[in-house]
Each structure stands twice: as structure tokens, then as C-alpha cells.
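Written out below as C-alpha cells is the structure these notes cover.
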Amino acid sequence: MNIIKGLIIKDLLQLKNDKKTLLIFIVIFIFSSLSQNNSGNSLTMLSFIFTFGFGMFSISSFNYDEASKADRYILTLPVTRKDVVLAKYLFVVGSSLLGSVLGIFLVVVLASMSLLEMPSIGELLSLALGGLFGVSLILAIQIPCIFKWGAEKGRVQLFIVSAIMILLCGIMLTASKDMIFLNSFSNIVDILNNFWFLILPLCIAGIYLISYKVSIKIYAQKEF
């Protein structure tokens, strides 16, 4: 556990140089929300934006590792490759959760100051979970791509994979003319909506678990 903790601290220290960028990100979206004609919806979106933003921000730690060739040094220490992969996932997931908590906290604080209308707990949790699910889909693809091709090439591969996924989904939706199928799908969605609070966290955990297993296999075969 101390090894994992040390690797996470290493990532935090690397990103401290970007703290001004993160602060600017926070200030911009707070003022943007406050300027939307006192709309509760714009304020509620902070919980989604911060969850998504912090998750994507944490992925930049790979850039520092690649630039400094940190893996070559780290693997000379009593650290397994599985430890390196696990630390990265814990750091990324932890950053997303931190963004979610911070976003909800800011919403409650700003609403308590009567700057905007207080949104419901359901709205806050829905957008926070939506942000966690959205960022998990992206990061679950991006992290294995980075382990496989590096930080720069990995982004290109992510774009290609994402474009293919969007294209396939578009084809499936436009090609389907079977109304019975569509009605059945709609019924399934209605059922899932009643249990989203339980299903979505399980989906997020499953997405990251699959991605983690793939990353371990990739990193175990990688040469430095």
C-alpha cells in the first residue's frame, strides 16, 4: 500500500505545476454559472463539469511520465508493473470523485448564499453520476491506449476508437426500422431509469475493471 501511495503522491507532485490552470478552470465555470440569469440548471451543471474536468485533468500525469521517462526509473525500484497500473487508475478515479464532491460542495455553498436557486439532491446526484459515467467511458478507453502507444499517440487512437463507436451507434439507430424493437428498447430504458442510482455505479465499476485488466496485460508486455 505504501508503494501505491508513493506513486499517487508522485502524480500529485507532477501536476502541482498545473494548479494555476486548474484554478482558472474552477473560477471560469463558477462565474459562467452565476451569469446564466440565476438559472438553477446552470449551477447544477457544476457538479457534472467538475467531475468530468478533474477526471480529464488527471490524465495529463501520463504526459509528465512520458516526457521524463519515469517508467524506466520506477521499474528499477521494488515496484511491480501491476502496482504502476493500479496507482494510475486509483489516481484517475480518485480525481474524478474529488471533482464530483467539490462540484456538489460549490453548488450547495453558492445556492446557500442565495446567488442561485438551490437544486434538488436528485439533480445533483444525477449529474454527478452522469459525469462519472461519461468520464469513465472516455478514460477506460484512453488509459489502455496510452499504455499501449504513449500519451500523444494514445490520444489519436482514442479519437479513432471513439469515432468508430459513434459511427456504429449512429448506423444502428438509423438502420433500425423495427418499431417493435424500438418499443422494447424504450421499455427497457424506462425500467433502468427506476434503478439508475444502483445500476450506474455498477456500470462505472465494471467499465474501469475491464479497462484495468486490459491495461495490466498491455503494460506487462511493454518494453522500456
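Residue numbering restarts at 1 in every chain; chains get A, B, ... in the order shown in the C-alpha cells, and ligands count up from 1 in that same order.
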Counting only C-alpha atoms, what is within 10 Å of A:Glu223, bar same-chain residues fewer than 3 positions away, as a ChimeraX atom specification?
/A:71-72,219-220
When you draw a straight line from atom CA of A:Pro78 to atom CA of A:Met1, how long is it in Å?
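Computing the Euclidean distance for atom CA of A:Pro78 and atom CA of A:Met1 yields 12.5 Å.
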Using atom CA of A:Leu46 and atom CA of A:Tyr212 as the two end points, give the distance in Å to one decimal.
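Atom-to-atom, atom CA of A:Leu46 and atom CA of A:Tyr212 are spaced 28.2 Å apart.
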Residues at most 9 Å from A:Phe25, counting only C-alpha atoms, excluding those fewer than 5 positions away in the same chain, as a PDB file with N, CA, C and O atoms, in the first residue's frame?
```pdb
ATOM      1  N   LYS A  20      -2.384  26.387 -11.337  1.00  0.00           N
ATOM      2  CA  LYS A  20      -2.954  27.660 -11.793  1.00  0.00           C
ATOM      3  C   LYS A  20      -3.988  27.420 -12.890  1.00  0.00           C
ATOM      4  O   LYS A  20      -5.039  28.060 -12.926  1.00  0.00           O
ATOM      5  N   ILE A  30     -17.394  28.742 -12.432  1.00  0.00           N
ATOM      6  CA  ILE A  30     -18.239  29.306 -11.380  1.00  0.00           C
ATOM      7  C   ILE A  30     -18.893  30.589 -11.874  1.00  0.00           C
ATOM      8  O   ILE A  30     -20.110  30.786 -11.748  1.00  0.00           O
ATOM      9  N   GLY A  53     -14.182  17.407 -15.603  1.00  0.00           N
ATOM     10  CA  GLY A  53     -12.949  18.176 -15.741  1.00  0.00           C
ATOM     11  C   GLY A  53     -11.799  17.618 -14.928  1.00  0.00           C
ATOM     12  O   GLY A  53     -10.666  17.496 -15.424  1.00  0.00           O
TER      13      GLY A  53
END
```
What does the distance from atom CA of A:Phe50 to atom CA of A:Ile4 come to in Å, to one decimal?
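If I compute the distance from atom CA of A:Phe50 to atom CA of A:Ile4, I get 25.1 Å.
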Ranking A:Gly99, A:Gly150, A:Pro201, A:Gly94 by minimum distance to A:Phe133 and counting only C-alpha atoms, which one comes first?
A:Pro201
Find the residues around A:Asn63 up to 12 Å (only C-alpha atoms counted), leave out those fewer than 6 positions away in its own chain, and share them as a tab-separated table (two decimals) with N, CA, C and O atoms, in the first residue's frame.
```tsv
chain	number	residue	atom	x	y	z
A	11	ASP	N	2.36	11.46	-8.80
A	11	ASP	CA	1.49	12.08	-9.79
A	11	ASP	C	0.96	13.43	-9.32
A	11	ASP	O	0.86	14.38	-10.10
A	14	GLN	N	3.66	15.98	-9.69
A	14	GLN	CA	3.85	16.35	-11.08
A	14	GLN	C	2.83	17.38	-11.54
A	14	GLN	O	3.15	18.30	-12.29
A	15	LEU	N	1.60	17.22	-11.06
A	15	LEU	CA	0.52	18.09	-11.52
A	15	LEU	C	0.44	19.41	-10.75
A	15	LEU	O	-0.36	20.27	-11.09
A	57	PHE	N	-8.36	16.09	-16.33
A	57	PHE	CA	-7.15	16.80	-15.90
A	57	PHE	C	-6.10	15.81	-15.37
A	57	PHE	O	-4.90	15.97	-15.61
A	69	LYS	N	10.50	10.02	-18.90
A	69	LYS	CA	10.82	8.58	-18.95
A	69	LYS	C	10.81	7.98	-17.55
A	69	LYS	O	11.70	7.21	-17.16
A	70	ALA	N	9.78	8.33	-16.80
A	70	ALA	CA	9.69	7.92	-15.40
A	70	ALA	C	9.57	6.42	-15.23
A	70	ALA	O	10.06	5.85	-14.24
A	71	ASP	N	8.93	5.73	-16.19
A	71	ASP	CA	8.71	4.29	-16.04
A	71	ASP	C	10.03	3.52	-15.94
A	71	ASP	O	10.13	2.54	-15.21
A	143	ILE	N	-6.85	5.24	-21.22
A	143	ILE	CA	-5.72	4.76	-20.42
A	143	ILE	C	-5.03	3.55	-21.07
A	143	ILE	O	-3.80	3.54	-21.20
A	146	ILE	N	-3.02	4.79	-23.97
A	146	ILE	CA	-1.79	5.47	-23.57
A	146	ILE	C	-0.73	4.46	-23.16
A	146	ILE	O	0.45	4.61	-23.51
A	147	PHE	N	-1.12	3.45	-22.41
A	147	PHE	CA	-0.16	2.41	-22.03
A	147	PHE	C	0.41	1.70	-23.26
A	147	PHE	O	1.55	1.29	-23.27
A	150	GLY	N	1.55	5.31	-25.90
A	150	GLY	CA	2.12	6.54	-25.36
A	150	GLY	C	1.08	7.65	-25.27
A	150	GLY	O	-0.02	7.53	-25.83
A	151	ALA	N	1.43	8.72	-24.58
A	151	ALA	CA	0.48	9.80	-24.31
A	151	ALA	C	-0.02	10.48	-25.57
A	151	ALA	O	-1.22	10.73	-25.73
A	152	GLU	N	0.88	10.79	-26.49
A	152	GLU	CA	0.49	11.51	-27.70
A	152	GLU	C	-0.25	10.62	-28.69
A	152	GLU	O	-1.35	10.95	-29.14
A	153	LYS	N	0.34	9.48	-29.04
A	153	LYS	CA	-0.30	8.56	-29.98
A	153	LYS	C	-1.58	7.97	-29.40
A	153	LYS	O	-2.51	7.65	-30.13
A	154	GLY	N	-1.61	7.83	-28.06
A	154	GLY	CA	-2.79	7.28	-27.42
A	154	GLY	C	-4.02	8.13	-27.62
A	154	GLY	O	-5.13	7.63	-27.76
A	155	ARG	N	-3.82	9.46	-27.66
A	155	ARG	CA	-4.95	10.36	-27.90
A	155	ARG	C	-5.51	10.17	-29.32
A	155	ARG	O	-6.71	10.26	-29.54
```
